[in-house]
$ cat model.cif   # mmCIF, C-alpha atoms
data_final
#
loop_
_atom_site.label_atom_id
_atom_site.label_comp_id
_atom_site.auth_asym_id
_atom_site.auth_seq_id
_atom_site.Cartn_x
_atom_site.Cartn_y
_atom_site.Cartn_z
CA MET A 23 121.15 68.95 65.29
CA PRO A 24 122.43 69.40 61.71
CA PHE A 25 125.29 66.90 62.09
CA PRO A 26 125.25 63.08 62.14
CA ALA A 27 124.14 61.00 65.11
CA GLY A 28 126.99 59.72 67.24
CA GLY A 29 129.27 62.73 66.91
CA PRO A 30 130.20 65.31 69.56
CA GLY A 31 127.50 67.73 68.39
CA ASP A 32 124.87 65.01 68.61
CA ALA A 33 125.97 64.16 72.15
CA MET A 34 125.63 67.84 73.07
CA ALA A 35 122.15 67.98 71.55
CA ARG A 36 120.93 64.88 73.37
CA ASN A 37 122.25 65.94 76.75
CA LEU A 38 120.80 69.43 76.33
CA ALA A 39 117.48 67.90 75.20
CA ALA A 40 117.29 65.93 78.43
CA ALA A 41 117.95 69.07 80.48
CA LEU A 42 115.41 71.11 78.50
CA ALA A 43 112.82 68.36 78.85
CA GLY A 44 113.09 68.62 82.60
CA ALA A 45 112.64 72.40 82.50
CA LEU A 46 109.77 72.33 79.97
CA LYS A 47 108.03 69.30 81.51
CA GLN A 48 107.70 67.69 78.08
CA GLN A 49 109.78 65.52 75.78
CA VAL A 50 112.40 67.10 73.52
CA VAL A 51 113.27 64.98 70.47
CA VAL A 52 116.59 65.25 68.62
CA GLU A 53 116.61 64.95 64.84
CA ASN A 54 119.74 64.81 62.66
CA PRO A 55 119.11 66.23 59.16
CA SER A 56 122.83 66.40 58.43
CA GLY A 57 124.91 67.38 55.43
CA ALA A 58 126.54 70.36 53.69
CA THR A 59 128.47 71.50 56.78
CA GLY A 60 125.28 71.86 58.79
CA THR A 61 123.41 74.02 56.28
CA ILE A 62 120.74 71.44 55.40
CA GLY A 63 119.44 71.12 58.95
CA SER A 64 119.87 74.83 59.65
CA ASN A 65 117.82 75.70 56.56
CA ARG A 66 115.05 73.36 57.68
CA VAL A 67 114.78 75.31 60.93
CA ALA A 68 114.96 78.68 59.16
CA LYS A 69 112.00 77.65 56.99
CA SER A 70 109.96 76.13 59.87
CA LYS A 71 106.94 77.67 61.55
CA PRO A 72 108.08 79.98 64.39
CA ASP A 73 105.98 78.34 67.08
CA GLY A 74 108.74 77.17 69.42
CA TYR A 75 108.44 73.49 68.53
CA THR A 76 111.37 73.44 66.09
CA LEU A 77 114.76 74.60 67.35
CA LEU A 78 118.33 74.54 66.07
CA ILE A 79 121.36 73.68 68.17
CA MET A 80 124.40 74.76 66.20
CA ASN A 81 128.08 75.30 66.84
CA ILE A 82 130.75 77.73 65.65
CA GLY A 83 129.65 76.98 62.08
CA MET A 84 126.85 79.52 62.52
CA ALA A 85 129.53 82.23 62.48
CA THR A 86 131.69 80.77 59.70
CA GLN A 87 129.06 79.77 57.13
CA PRO A 88 128.78 83.30 55.65
CA ALA A 89 132.49 83.22 54.75
CA LEU A 90 132.63 79.55 53.72
CA PHE A 91 129.68 79.60 51.30
CA ARG A 92 129.31 81.84 48.28
CA SER A 93 125.55 81.78 48.89
CA LEU A 94 123.40 80.48 51.72
CA PRO A 95 119.66 79.75 51.62
CA TYR A 96 119.30 81.84 54.79
CA ASN A 97 120.92 84.73 56.63
CA VAL A 98 122.45 83.60 59.92
CA LEU A 99 121.78 86.96 61.57
CA THR A 100 118.28 87.76 60.34
CA ASP A 101 116.51 84.45 59.59
CA PHE A 102 116.73 83.04 63.12
CA ASP A 103 115.65 84.22 66.56
CA PRO A 104 118.44 83.45 69.03
CA ILE A 105 117.47 81.78 72.30
CA GLY A 106 120.89 81.82 73.95
CA ARG A 107 124.39 80.43 74.21
CA VAL A 108 124.64 76.90 75.56
CA SER A 109 128.24 75.90 76.18
CA ASP A 110 131.92 76.38 75.48
CA MET A 111 134.24 73.49 74.66
CA PRO A 112 137.99 74.26 74.60
CA MET A 113 140.21 72.56 72.08
CA THR A 114 143.64 70.95 72.27
CA ILE A 115 146.52 70.73 69.83
CA VAL A 116 147.61 67.10 69.91
CA ALA A 117 150.03 64.87 68.01
CA ARG A 118 150.90 61.26 67.36
CA ASN A 119 153.09 59.84 70.09
CA GLY A 120 156.04 59.29 67.76
CA LEU A 121 156.40 62.93 66.74
CA PRO A 122 159.89 63.99 67.90
CA GLN A 123 158.97 67.54 68.95
CA ASN A 124 158.16 67.42 72.66
CA SER A 125 157.14 71.02 73.32
CA LEU A 126 155.11 73.71 71.60
CA LYS A 127 158.28 75.78 71.14
CA GLU A 128 160.01 72.86 69.41
CA LEU A 129 156.97 72.23 67.21
CA ILE A 130 156.75 75.82 66.01
CA ALA A 131 160.50 76.04 65.39
CA TYR A 132 160.48 72.80 63.38
CA ALA A 133 157.47 73.89 61.33
CA LYS A 134 159.08 77.23 60.48
CA ALA A 135 162.26 75.50 59.35
CA ASN A 136 160.63 72.70 57.38
CA GLY A 137 157.75 74.23 55.48
CA LYS A 138 154.82 71.84 55.05
CA LYS A 139 156.63 68.67 56.08
CA LEU A 140 154.26 68.05 59.02
CA THR A 141 150.66 67.00 58.39
CA PHE A 142 147.71 68.62 60.16
CA ALA A 143 144.49 66.60 60.15
CA HIS A 144 141.04 68.14 60.49
CA ALA A 145 137.41 67.03 60.43
CA GLY A 146 136.44 68.67 57.15
CA VAL A 147 136.41 72.11 55.55
CA GLY A 148 134.99 74.68 57.94
CA SER A 149 134.92 72.34 60.93
CA ALA A 150 136.05 73.62 64.33
CA ALA A 151 139.17 71.46 63.95
CA HIS A 152 139.93 73.08 60.59
CA LEU A 153 139.39 76.59 61.94
CA CYS A 154 141.67 75.88 64.89
CA SER A 155 144.46 74.70 62.58
CA LEU A 156 144.06 77.79 60.37
CA LEU A 157 144.21 80.11 63.38
CA PHE A 158 147.28 78.30 64.70
CA MET A 159 149.07 78.64 61.37
CA ASN A 160 148.06 82.28 61.12
CA VAL A 161 149.14 83.27 64.63
CA THR A 162 152.41 81.28 64.65
CA GLN A 163 153.23 82.06 61.00
CA THR A 164 153.78 78.41 60.18
CA ALA A 165 152.54 76.13 57.40
CA TYR A 166 151.50 72.46 57.38
CA THR A 167 150.08 69.99 54.89
CA GLU A 168 146.37 69.84 55.67
CA VAL A 169 144.68 66.43 55.63
CA PRO A 170 140.86 66.65 55.62
CA TYR A 171 138.65 63.85 56.93
CA LYS A 172 134.91 63.28 56.94
CA GLY A 173 134.53 63.84 60.66
CA THR A 174 136.50 63.77 63.88
CA ALA A 175 136.48 60.01 64.45
CA PRO A 176 138.50 58.98 61.35
CA ALA A 177 140.95 61.84 61.94
CA MET A 178 141.58 60.66 65.50
CA THR A 179 141.88 57.05 64.34
CA ASP A 180 144.65 57.98 61.90
CA LEU A 181 146.39 60.14 64.51
CA LEU A 182 146.41 57.21 66.95
CA GLY A 183 147.74 55.01 64.15
CA GLY A 184 150.56 57.44 63.40
CA HIS A 185 149.36 58.21 59.87
CA VAL A 186 149.10 61.98 60.46
CA ASP A 187 151.13 64.24 62.73
CA LEU A 188 148.79 66.80 64.29
CA LEU A 189 145.16 67.49 65.09
CA CYS A 190 143.38 70.32 66.88
CA ASP A 191 140.05 69.16 68.26
CA GLN A 192 137.74 69.76 71.17
CA THR A 193 138.43 68.21 74.54
CA SER A 194 135.34 66.01 74.27
CA THR A 195 137.28 64.11 71.59
CA THR A 196 140.85 64.37 72.89
CA ALA A 197 140.71 64.35 76.72
CA ARG A 198 140.33 60.58 77.08
CA GLN A 199 143.20 59.87 74.68
CA ILE A 200 145.44 62.45 76.36
CA LYS A 201 144.80 60.97 79.81
CA SER A 202 145.46 57.42 78.59
CA GLY A 203 148.73 58.43 76.91
CA GLY A 204 147.52 57.49 73.44
CA ILE A 205 148.53 60.88 72.06
CA LYS A 206 150.75 63.77 73.14
CA THR A 207 149.47 67.29 73.64
CA TYR A 208 151.00 70.72 73.07
CA GLY A 209 148.39 72.79 74.86
CA VAL A 210 144.78 73.84 75.26
CA THR A 211 143.36 76.68 73.20
CA SER A 212 141.24 78.41 75.85
CA LYS A 213 142.28 81.45 77.89
CA SER A 214 142.62 79.36 81.04
CA ARG A 215 143.46 75.73 81.79
CA VAL A 216 140.78 73.06 81.58
CA ALA A 217 139.58 71.41 84.78
CA ALA A 218 139.55 67.98 83.12
CA LEU A 219 143.19 68.45 81.96
CA PRO A 220 144.81 70.60 84.68
CA PHE A 221 148.31 69.43 83.72
CA VAL A 222 148.04 70.79 80.16
CA PRO A 223 149.13 74.45 79.78
CA THR A 224 147.38 76.93 77.53
CA LEU A 225 149.02 78.14 74.34
CA HIS A 226 149.00 81.63 75.83
CA GLU A 227 151.08 80.40 78.80
CA GLN A 228 153.63 79.06 76.32
CA GLY A 229 154.12 82.33 74.49
CA VAL A 230 151.43 82.21 71.80
CA ALA A 231 149.81 85.42 72.98
CA GLY A 232 146.10 85.93 72.54
CA PHE A 233 145.43 82.53 70.96
CA GLU A 234 141.89 81.34 71.64
CA ALA A 235 139.81 78.79 69.74
CA VAL A 236 136.74 77.43 71.48
CA SER A 237 134.06 75.19 70.03
CA TRP A 238 130.76 76.62 71.26
CA PHE A 239 127.06 75.86 70.89
CA GLY A 240 123.98 78.06 70.75
CA LEU A 241 120.24 77.56 70.45
CA TRP A 242 118.03 79.25 67.82
CA ALA A 243 114.42 79.26 66.63
CA PRO A 244 112.95 80.35 63.28
CA ARG A 245 112.53 84.11 62.92
CA GLY A 246 109.26 85.51 64.21
CA LEU A 247 108.98 83.63 67.49
CA PRO A 248 106.23 85.15 69.67
CA LYS A 249 107.70 86.81 72.76
CA PRO A 250 105.83 84.63 75.31
CA VAL A 251 107.19 81.53 73.55
CA SER A 252 110.70 82.98 73.38
CA ASP A 253 110.57 83.92 77.06
CA ARG A 254 109.58 80.38 78.00
CA LEU A 255 112.37 78.84 75.92
CA VAL A 256 114.95 81.25 77.34
CA ALA A 257 113.84 80.38 80.88
CA ALA A 258 114.11 76.66 80.04
CA LEU A 259 117.61 77.12 78.60
CA GLN A 260 118.73 79.08 81.65
CA ALA A 261 117.49 76.23 83.83
CA ALA A 262 119.21 73.67 81.59
CA VAL A 263 122.67 75.26 81.80
CA VAL A 264 122.63 74.92 85.59
CA ASP A 265 121.18 71.40 85.55
CA PRO A 266 123.60 69.25 87.64
CA THR A 267 123.59 66.31 85.24
CA PHE A 268 124.24 68.51 82.19
CA LYS A 269 127.01 70.42 83.99
CA SER A 270 128.66 67.21 85.19
CA TRP A 271 128.63 65.67 81.71
CA LEU A 272 130.22 68.77 80.16
CA THR A 273 132.83 69.19 82.90
CA GLU A 274 133.99 65.59 82.53
CA LEU A 275 134.70 66.29 78.86
CA GLY A 276 136.60 69.48 79.59
CA GLY A 277 133.84 71.92 78.67
CA ALA A 278 131.38 74.05 80.58
CA PRO A 279 127.86 75.39 80.16
CA VAL A 280 127.69 79.17 79.95
CA PRO A 281 126.34 81.04 82.99
CA PRO A 282 122.61 81.85 82.82
CA SER A 283 123.51 85.51 82.17
CA LEU A 284 124.82 84.46 78.72
CA ALA A 285 121.98 82.06 77.94
CA ASN A 286 119.78 84.76 76.40
CA PRO A 287 119.05 86.16 72.93
CA GLU A 288 121.09 89.36 73.12
CA ALA A 289 124.19 87.61 74.43
CA LEU A 290 124.08 85.05 71.61
CA ARG A 291 123.33 87.66 68.94
CA SER A 292 126.30 89.85 69.89
CA PHE A 293 128.58 86.85 70.36
CA VAL A 294 127.85 85.50 66.88
CA LYS A 295 128.57 88.90 65.36
CA SER A 296 131.94 89.01 67.12
CA GLU A 297 132.75 85.47 65.97
CA ILE A 298 131.89 86.39 62.36
CA ASP A 299 134.30 89.32 62.62
CA LYS A 300 136.99 87.03 64.06
CA TRP A 301 136.82 84.12 61.63
CA THR A 302 135.88 85.74 58.30
CA PRO A 303 139.35 87.30 57.65
CA ILE A 304 141.08 84.01 58.52
CA ILE A 305 138.85 82.01 56.18
CA LYS A 306 139.21 84.56 53.37
CA LYS A 307 143.00 84.64 53.78
CA ALA A 308 143.14 80.84 53.53
CA GLY A 309 140.97 80.93 50.42
CA ILE A 310 138.81 78.00 51.53
CA SER A 311 135.22 77.35 50.53
CA ALA A 312 132.64 74.72 51.47
CA ASP A 313 130.81 75.07 48.13
#

$ encode --input "model.cif" --output "structure tokens"
Amino acid sequence: MPFPAGGPGDAMARNLAAALAGALKQQVVVENPSGATGTIGSNRVAKSKPDGYTLLIMNIGMATQPALFRSLPYNVLTDFDPIGRVSDMPMTIVARNGLPQNSLKELIAYAKANGKKLTFAHAGVGSAAHLCSLLFMNVTQTAYTEVPYKGTAPAMTDLLGGHVDLLCDQTSTTARQIKSGGIKTYGVTSKSRVAALPFVPTLHEQGVAGFEAVSWFGLWAPRGLPKPVSDRLVAALQAAVVDPTFKSWLTELGGAPVPPSLANPEALRSFVKSEIDKWTPIIKKAGISAD
């Protein structure tokens, strides 16, 4: 897991590791060689021996790194063997409780009339939260003052404290605060409503047609994995995504494991290609770089 221990990605890795351990009948250990927007840990896996004992669990960053970095020490499409998709985690656009705009329509209208007066926090350049805010600005043709943080936790802390106006982050971070009334929400970013937040409408329902931003995870191995080893890992992943404990943990946070039919190499390979095509123009238009 190429992000720090204690974050949402780390929680995903550890819960998946427990499910995989049950399917493989052996321990699965999570390591966190973090830094450089996930590229340090990803590069370690790319350069590892393709024997099935070193795997990478990575999020949407796998599809955005080619646009964010002028040069990468690996090719995301050719230097890894995909095992399969793991999960989807919808996101929510939320705000500090004191923000006067009480509906998505009011928020968009105010932003269009007031330029960059509102602040939009995110968890760092290229993070899922940053990508969501860029997509929102692009689709709604609005602009905000971006406020980057070193991770989700400090961004949420400042939102709760009223120091920033808006944040788009995954439900694993926001659902608890939404339910407790600590923050207000303008909508979820998935195509359909989230079981954990059934009272929150989608952006699409509110007139932002076609808007979808989902934080997802996939599993990869170094390139050159022997087919018998790959087959065993794919079978273990397909067992993990239907594991009751893993499914329950994800559902409580507002996410969901993918069906076993998507937990396979071809599904992940084609999905990543489509995500690269989706996010690259948005990143290029914004002129952002993680270098």

$ residues_around --input "model.cif" --residues "Phe233 (chain A)" --least-positions-apart "2" --cutoff "10 Å" --atoms "all atoms listed in the file" --output "compact mmCIF listing (two decimals) with C-alpha atoms, in the coordinates of the input"
# COMPACT_ATOMS: atom_id res chain seq x y z
CA CYS A 154 141.67 75.88 64.89
CA LEU A 157 144.21 80.11 63.38
CA PHE A 158 147.28 78.30 64.70
CA VAL A 161 149.14 83.27 64.63
CA THR A 162 152.41 81.28 64.65
CA VAL A 210 144.78 73.84 75.26
CA THR A 211 143.36 76.68 73.20
CA SER A 212 141.24 78.41 75.85
CA LYS A 213 142.28 81.45 77.89
CA THR A 224 147.38 76.93 77.53
CA LEU A 225 149.02 78.14 74.34
CA HIS A 226 149.00 81.63 75.83
CA GLU A 227 151.08 80.40 78.80
CA GLY A 229 154.12 82.33 74.49
CA VAL A 230 151.43 82.21 71.80
CA ALA A 231 149.81 85.42 72.98
CA ALA A 235 139.81 78.79 69.74

$ resolve_selection --input "model.cif" --expression "the PyMOL selection byres ((chain A and resi 280) around 9)" --output "PyMOL selection string"
chain A and resi 107-110+263-264+278-279+281-285

$ write_last_selection --input "model.cif" --atoms "C-alpha atoms" --output "PDB file, in the coordinates of the input"
ATOM      1  CA  ARG A 107     124.390  80.430  74.210  1.00  0.00           C
ATOM      2  CA  VAL A 108     124.640  76.900  75.560  1.00  0.00           C
ATOM      3  CA  SER A 109     128.240  75.900  76.180  1.00  0.00           C
ATOM      4  CA  ASP A 110     131.920  76.380  75.480  1.00  0.00           C
ATOM      5  CA  VAL A 263     122.670  75.260  81.800  1.00  0.00           C
ATOM      6  CA  VAL A 264     122.630  74.920  85.590  1.00  0.00           C
ATOM      7  CA  ALA A 278     131.380  74.050  80.580  1.00  0.00           C
ATOM      8  CA  PRO A 279     127.860  75.390  80.160  1.00  0.00           C
ATOM      9  CA  PRO A 281     126.340  81.040  82.990  1.00  0.00           C
ATOM     10  CA  PRO A 282     122.610  81.850  82.820  1.00  0.00           C
ATOM     11  CA  SER A 283     123.510  85.510  82.170  1.00  0.00           C
ATOM     12  CA  LEU A 284     124.820  84.460  78.720  1.00  0.00           C
ATOM     13  CA  ALA A 285     121.980  82.060  77.940  1.00  0.00           C
TER      14      ALA A 285
END

$ resolve_selection --input "model.cif" --expression "the PyMOL selection byres ((chain A and resi 55) around 12)" --output "ChimeraX atom specification"
/A:23-27,32,52-54,56-67,78-79

$ resolve_selection --input "model.cif" --expression "the PyMOL selection byres ((chain A and resi 85) around 6)" --output "VMD selection string"
chain A and resid 82 to 84 86 to 87 294 297 to 298

$ write_last_selection --input "model.cif" --atoms "C-alpha atoms" --output "compact mmCIF listing (two decimals), keeping the file's coordinate frame"
# COMPACT_ATOMS: atom_id res chain seq x y z
CA ILE A 82 130.75 77.73 65.65
CA GLY A 83 129.65 76.98 62.08
CA MET A 84 126.85 79.52 62.52
CA THR A 86 131.69 80.77 59.70
CA GLN A 87 129.06 79.77 57.13
CA VAL A 294 127.85 85.50 66.88
CA GLU A 297 132.75 85.47 65.97
CA ILE A 298 131.89 86.39 62.36

$ axis_aligned_box --input "model.cif" --around "region 41-59 of chain A" --padding-each-side "5 Å" --output "AutoDock Vina command-line options"
--center_x 118.1 --center_y 68.6 --center_z 68.1 --size_x 30.8 --size_y 17.6 --size_z 38.9

$ closest_residue --input "model.cif" --among "A:Leu241, A:Phe293, A:Ile305, A:Ala258" --to "Gly106 (chain A)" --atoms "all atoms listed in the file"
A:Leu241

$ residues_around --input "model.cif" --residues "Leu126 (chain A)" --least-positions-apart "2" --cutoff "10 Å" --atoms "only C-alpha atoms" --output "list of chain:residue names"
A:Ile115, A:Gln123, A:Asn124, A:Glu128, A:Leu129, A:Ile130, A:Ala131, A:Tyr132, A:Thr207, A:Tyr208, A:Gly209, A:Leu225, A:Gln228, A:Gly229, A:Val230

$ write_last_selection --input "model.cif" --atoms "C-alpha atoms" --output "short mmCIF file (atom, residue, chain, number, x, y, z; two decimals), in the frame of the given file"
data_model
loop_
_atom_site.label_atom_id
_atom_site.label_comp_id
_atom_site.auth_asym_id
_atom_site.auth_seq_id
_atom_site.Cartn_x
_atom_site.Cartn_y
_atom_site.Cartn_z
CA ILE A 115 146.52 70.73 69.83
CA GLN A 123 158.97 67.54 68.95
CA ASN A 124 158.16 67.42 72.66
CA GLU A 128 160.01 72.86 69.41
CA LEU A 129 156.97 72.23 67.21
CA ILE A 130 156.75 75.82 66.01
CA ALA A 131 160.50 76.04 65.39
CA TYR A 132 160.48 72.80 63.38
CA THR A 207 149.47 67.29 73.64
CA TYR A 208 151.00 70.72 73.07
CA GLY A 209 148.39 72.79 74.86
CA LEU A 225 149.02 78.14 74.34
CA GLN A 228 153.63 79.06 76.32
CA GLY A 229 154.12 82.33 74.49
CA VAL A 230 151.43 82.21 71.80
#

$ atom_distance --input "model.cif" --atom1 "CA of Arg36 (chain A)" --atom2 "CA of Ser194 (chain A)"
14.5 Å

$ closest_residue --input "model.cif" --among "A:Leu90, A:Leu42, A:Ala68, A:Ala133" --to "His152 (chain A)" --atoms "all atoms listed in the file"
A:Leu90

$ residues_around --input "model.cif" --residues "Arg92 (chain A)" --least-positions-apart "4" --cutoff "12 Å" --atoms "only C-alpha atoms" --output "list in words"
Thr86, Gln87, Pro88, Tyr96, Lys306, Gly309, Ile310, Ser311, Ala312 and Asp313 of chain A

$ closest_residue --input "model.cif" --among "A:Leu188, A:Val256, A:Leu182, A:Ala40" --to "Trp242 (chain A)" --atoms "only C-alpha atoms"
A:Val256

$ closest_residue --input "model.cif" --among "A:Leu189, A:Asp180, A:Leu140, A:Met111" --to "Thr167 (chain A)" --atoms "all atoms listed in the file"
A:Leu140

$ closest_residue --input "model.cif" --among "A:Leu38, A:Val116, A:Ala145, A:Val98" --to "Lys295 (chain A)" --atoms "all atoms listed in the file"
A:Val98

$ closest_residue --input "model.cif" --among "A:Lys139, A:Lys172, A:Arg215, A:Arg245" --to "Ser70 (chain A)" --atoms "all atoms listed in the file"
A:Arg245

$ residues_around --input "model.cif" --residues "Asn37 (chain A)" --least-positions-apart "4" --cutoff "8 Å" --atoms "only C-alpha atoms" --output "short mmCIF file (atom, residue, chain, number, x, y, z; two decimals) with C-alpha atoms, in the frame of the given file"
data_model
loop_
_atom_site.label_atom_id
_atom_site.label_comp_id
_atom_site.auth_asym_id
_atom_site.auth_seq_id
_atom_site.Cartn_x
_atom_site.Cartn_y
_atom_site.Cartn_z
CA ALA A 33 125.97 64.16 72.15
CA ALA A 41 117.95 69.07 80.48
CA PHE A 268 124.24 68.51 82.19
#

$ atom_distance --input "model.cif" --atom1 "CA of Ala151 (chain A)" --atom2 "CA of Lys269 (chain A)"
23.5 Å

$ atom_distance --input "model.cif" --atom1 "CA of Met80 (chain A)" --atom2 "CA of Gly31 (chain A)"
8.0 Å
